[in-house]
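A.B. asks: Here it is, the structure, as structure tokens.
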Amino acid sequence: MNFNDLMKNEYILLDGAMGTMLQKSGLKLGEIPETLNIESPDTVIDIHRQYLEAGASIIAANTFGANGYKLKNCPYSVDEIIKAGIKNAKEAVGDRALVALDIGPVGQLLEPAGSLSFDKAYDYFKEEILAGNEADVIYFETFTDLLEVKAGVLAAKENSDKPVIVSMTFEKNGRTFAGASVRSAALTLSGLGVDALGVNCSLGPEELEPIVREFTAWTQLPIFVKPNAGLPDPNSNEYDVSPEQFADCMDRLADLGTVKLIGGCCGTTPEYIKKLGEKIKNKTKSNGDHIKASKKKFAVCSGTTAVELSEPRIIGERINPTGKKLFKEALKNNDIDYILSQAISQVEAGADILDVNVGLPEIDETEMLVRVVKALQSVVDVPLQLDSTKPETLEAALRIYNGKPIVNSVNGEAKSLASILPLVKKYGAAVVGLTLDENGIPKTAEGRFEIAERIVNAAKAHGIDPEDVYIDCLTLTVSAEQSGCRETLKALHRVKTELGCKTCLGVSNISFGLPNRPLVNHIFLTMALEEGLDLPIINPNDEDMTGAVRAYKVLADIDKNSTEFIAHYNDVKTEKPVIRSSRITLADAVRNGLKGEAAAITEKELEKTDAMELVNNELIPALDKVGEDFEKGKIFLPQLIQSANVAQQCFEVIKKNLAKTDAQPVSKGKIILATVKGDIHDIGKNIVKVLLDNYGYTVVDLGRDVAPELVVKTALEMDIRAIGLSALMTTTLKSMEETIALVKSTKGLEDCVFLVGGAVLTPEYAAKIGADYYCRDAKESVDAAKKIFG
Amino acid sequence: MIKLEKINRAETLRYLGNSSASVDGRMTALLDKCEGELLGALNIKYLYKILPAKDCPIIVGESARAHLEGCDRLCAVCLTLGAEVDKLIRQASVRDMAEAVALDAMASSAVESALCELDEVIAAESRGSFLTWRFSPGYGDYPLELQRELLTMLDAQRKIGLCADDSSVLTPSKSVTAIMGLSGTPLEKRRQGCAVCNMKEKCKFRKAGTRCEF
């Protein structure tokens with residue numbers, strides 16, 4: 001028997017709980033269940049046999065927690081435990097059932113929620129997969145983090161050729177503990193090419209029904225369901241559904257969509273499986289409608305949110321350094337927060353998807369794209385479009401992306417098709433296809449259609465659905481070639497109606513060289529939408545453009561009852577901040593946290609005052625006064641930060657003003673900030689950053705969990721001699737000490753100055769580990785900076 | 001199931017600075033906004049297990065032994081506000097640090113309130129027993145590394161999505177693990193307070209001549 005033959009059956013019976021059975025056999029508290037594979041193989045074999053006798057066709061070996069992290073203090077190696085586990089299962093079932101290598105979560109949370117890296121997780125899984133090469137199937141179960149299980153699936157696909165089945169654990173609200181939704185799981189895992197997917201644990205069969213239904217709507221793959229025996233009592237751990245109730249309930253679930261593999265999780269025993277087997281013996285899907293898999297949905301997603309391409313969706317174009325001085329500056333200074341704030345403002349303005357391009361000749365694009373994608377996915381929920389010309393950069397980002405992204409882009413050139421499409425297929429992404437090739441952009445609609453057809457056919461040949469290809473018929477400047485606009489729209493229409501794919505289009509090029517560009521852009525956008533544009537790539541912060549899409553959806557009968565339109569415009573405040581009283585000074589604005597006013601006043605002041613003078617004579621003294629109030633306990637911490645934020649608004653105005661005049665940015669000195677290796681509490685460091693920023697220092701923020709080597713590298717590369725380190729835990733103070741030691745022992749960095757802080761740090765300890773300034777709070781870090789830079 | 005209806009303002013303000021300042025309209029507006037966001041993000045989950053104290057592998061060190069003196073059982077507990085809260089604070093850190101700081105303080109206060117409710121649940125469950133207060137890894141010489149043992153024993157990753165990382169940092173971060181002693185006979189009243197607190201040498205409340213009321 002092999003997996004493919006087995007899958008031809010209408011239903012496949014899986015086994016039930018292993019942990020429950022081991023506890024019944026006397027597993028001791030704190031004992032690692034997998035050690036029994038070696039220490040008491042008969043116990044394990046007996047449980048497998050009971051499930052086999054109950055009728056199970058796939059038996060999961062006792063290897064759920066056998067990974068390098070969980071077995072760290074175990075006398076046996078991962079290899080020994082897994083090999084013994086598979087051997088026991090094989091011995092129990094012979095050739096009467098298949099044996100699955102059972103893989104559970106590593107036991108630590110992945111970044112950004114925890115500190116486990118994607119690559120480290122991959123390595124743990126790889127070790128398990130290599131050890132389990134005698135198994136028939138690889139079975140990932142009980143996962144709550146979609147990115148973690150993606151690491152597992154990639155490890156399986158890259159290190160074995162066995163079938164891979166995956167199940168995740170959902171709460172009643174349809175999400176996992178890590179926030180993954182059913183649709184994101186279905187889209188992502190289907191894209192990665194697993195053989196079956198579904199849900200196990202956490203809930204009983206009754207409660208799982210809505211989740212199973214949601215799965216059936218979002219995947220055409222076989223679905224499996226392994227519920228608990230109801231819900232456990234928190235203390236006694238007894239479950240509340242009987243074997244009979246369980247079987248009845250599962251019988252109903254088995255009718256749904258492509259549900260094929262059924263079994264039990266916590267609390268279930270061979271008796272449950274036996275009853276279930278009797279129930280589904282000779283069963284066929286009772287309702288003809290259910291047998292057909294649901295219509296395939298085309299969508300992209302993040303780990304939490306799916307965006308279905310059933311109507312026009314806005315791709316935000318702002319994360320791109322081209323032509324943006326401040327953005328380039330941010331990339332060079334590693335200022336990820338700047339990029340994140342761009343992302344948040346686009347999403348708030350209405351972007352459904354964000355394009356991410358960080359290509360700049362001076363930086364390592366691959367490393368930067370990976371960093372930015374990770375950071376973006378930790379704060380925004382929208383799916384991302386990974387935008388690079390380099391296949392290796394795209395692949396690095398595709399690996400660590402949580403969800404199903406868009407690759408931007410492939411074109412009609414043979415080389416591009418051959419290098420990009422395999423990546424799109426392997427990582428289960430969607431892809432933008434540009435209608436150009438080695439001969440450039442064809443002038444006519446026919447020429448562009450032909451390339452589009454070539455791209456769609458090549459995608460099909462790689463096993464990519466046409467609906468996952470988004471053809472961009474390319475916008476040319478109308479002032480240079482007036483007939484070009486018609487050709488673009490004509491090509492767009494044909495592509496949409498004849499090729500079965502989706503379409504995207506960057507819009508703003510159209511108006512280059514003309515006056516009143518916004519007007520031309522938004523009329524062009526409306527024309528393109530009417531020709532069938534699915535994905536306009538625009539600046540969502542341009543209210544006319546976003547508004548055009550919203551209005552189009554009303555007029556095209558997509559936004560039913562104008563619900564979204566009304567919801568949006570009913571509570572939009574169109575008024576801009578005004579100076580409420582002309583007598584408000586910059587100092588008042590800073591002290592009272594009046595953001596809008598402060599920016600306006602700054603603009604006014606700059607007309608008559610020099611920028612540096614304004615900074616030194618107005619802004620800084622105002623901030624100092626607030627800092628003093630905080631020290632004296634007259635105001636709370638958020639108020640200090642609000643004032644600093646207002647100062648930041650003023651600085652933004654000043655920076656923009658200086659960028660216009662091409663003067664050097666105001667900087668009173670550069671400081672590296674980092675939360676040390678092993679520590680992921682970065683709120684204190686972030687407060688320090690806001691304050692230092694607003695006192696005019698340039699902060700290079702390396703983030704949290706920062707390796708000492710990265711601090712050294714950055715200090716050398718960016719020629720920075722002031723370093724601020726934070727550590728919150730007693731366990732990570734050691735990393736602080738190591739970082740200082742490594743920096744000070746590096747040639748060229750002996751004179752680095754350190755400011756340190758963190759809840760458990762004391763002045764004595766700071767001095768002992770070689771720090772120059774102990775900062776009790778953020779205010780003191782500013783005092784230290786003043787001393788350092790004079 | 002524990003559900004909080006509101007966040008303790010007084011405690012939040014204490015976390016936000018040892019301040020005698022009066023709360024003005026700006027501060028109130030900020031706290032109102034954060035409270036709404038935080039209550040929407042809370043997904044409070046907990047686990048507990050009552051065990052015999054004799055030879056229990058999670059009693060390590062003098063402080064824990066002293067804490068459990070006179071107790072024949074102990075209750076191991078863990079509780080988390082869930083991953084959404086961390087995400088909310090991360091998002092706020094990018095958008096507006098003032099909000100992030102306020103949310104962080106409110107979340108810490110929410111953990112405390114949730115734990116107080118959990119105390120009630122456990123007290124009801126173990127009716128007739130007398131309970132000590134919660135004692136967490138990291139107090140006195142009770143090793144921080146024991147977080148992991150406690151979580152494994154409670155099967156916390158699978159059941160409530162709570163883990164510890166290599167530095168024994170709990171993830172999601174707004175979470176707690178602890179043990180409480182149970183006794184059939186009344187326990188001598190032992191105050192939790194500065195004497196057993198690891199922060200006692202550097203505590204800003206003590207420096208200012210007050211207490212944190214913990």
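Residue numbers start at 1 in each chain; chains themselves are named A, B, ... in the order of the structure tokens; ligands are numbered from 1 in the order shown.
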Please identify all polymer residues within 12 Å of Ala114 in chain B, counting only C-alpha atoms, omitting same-chain residues fewer than 5 positions from it, and present them as a PyMOL selection string.
C.D. replies: chain B and resi 1-8+42-46+78-81+107-109+119-121+174-176
A.B. asks: Counting only C-alpha atoms, which residues in chain B sit no more than 7 Å from chain A? For each one, give the nearest pair of atoms and the distance in Å, sorted by chain then residue number, as a Markdown table.
C.D. replies:
```
| residue | atom | partner | partner_atom | distance |
| --- | --- | --- | --- | --- |
| B:Leu16 | CA | A:Leu637 | CA | 5.7 |
| B:Gly17 | CA | A:Phe636 | CA | 5.6 |
| B:Asn18 | CA | A:Gly633 | CA | 6.5 |
| B:Ser19 | CA | A:Gly633 | CA | 4.3 |
| B:Ser20 | CA | A:Gly633 | CA | 5.8 |
| B:Ala21 | CA | A:Lys634 | CA | 4.6 |
| B:Leu47 | CA | A:Pro234 | CA | 6.5 |
| B:Tyr48 | CA | A:Asn235 | CA | 6.3 |
| B:Lys49 | CA | A:Asn235 | CA | 5.5 |
| B:Ala83 | CA | A:Ala178 | CA | 6.0 |
| B:Lys87 | CA | A:Val379 | CA | 6.6 |
| B:Arg90 | CA | A:Val379 | CA | 6.4 |
| B:Gln91 | CA | A:Val379 | CA | 5.0 |
| B:Val94 | CA | A:Ser341 | CA | 6.2 |
| B:Arg95 | CA | A:Ser341 | CA | 6.5 |
| B:Met97 | CA | A:Ile641 | CA | 6.6 |
| B:Ala98 | CA | A:Pro638 | CA | 4.3 |
| B:Glu99 | CA | A:Pro638 | CA | 6.9 |
| B:Val101 | CA | A:Pro638 | CA | 6.3 |
| B:Ala102 | CA | A:Pro638 | CA | 6.4 |
| B:Met153 | CA | A:Gly30 | CA | 5.9 |
| B:Gln157 | CA | A:Gly107 | CA | 6.8 |
| B:Lys159 | CA | A:Ser202 | CA | 6.9 |
| B:Gly161 | CA | A:Phe177 | CA | 5.5 |
| B:Cys163 | CA | A:Gln108 | CA | 5.6 |
| B:Ala164 | CA | A:Gln108 | CA | 6.3 |
| B:Asp165 | CA | A:Gln108 | CA | 5.8 |
| B:Ser167 | CA | A:Gly678 | CA | 5.8 |
| B:Thr171 | CA | A:Gly114 | CA | 5.7 |
| B:Pro172 | CA | A:Ala113 | CA | 6.3 |
| B:Lys202 | CA | A:Thr762 | CA | 6.9 |
```
A.B. asks: Rank B:Ser136, B:Cys75, B:Ser183, B:Ala110 by their smallest atom-to-atom distance to Arg9 in chain B, using only C-alpha atoms, and report the top residue only.
C.D. replies: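 Distance minimum relative to Arg9 in chain B lands on B:Ala110.
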A.B. asks: Give me the residues within 8 Å of Ala306 in chain A as a PyMOL selection string, counting only C-alpha atoms and dropping any in the same chain fewer than 2 places off.
C.D. replies: chain A and resi 183-184+299-302+304+308+382-383
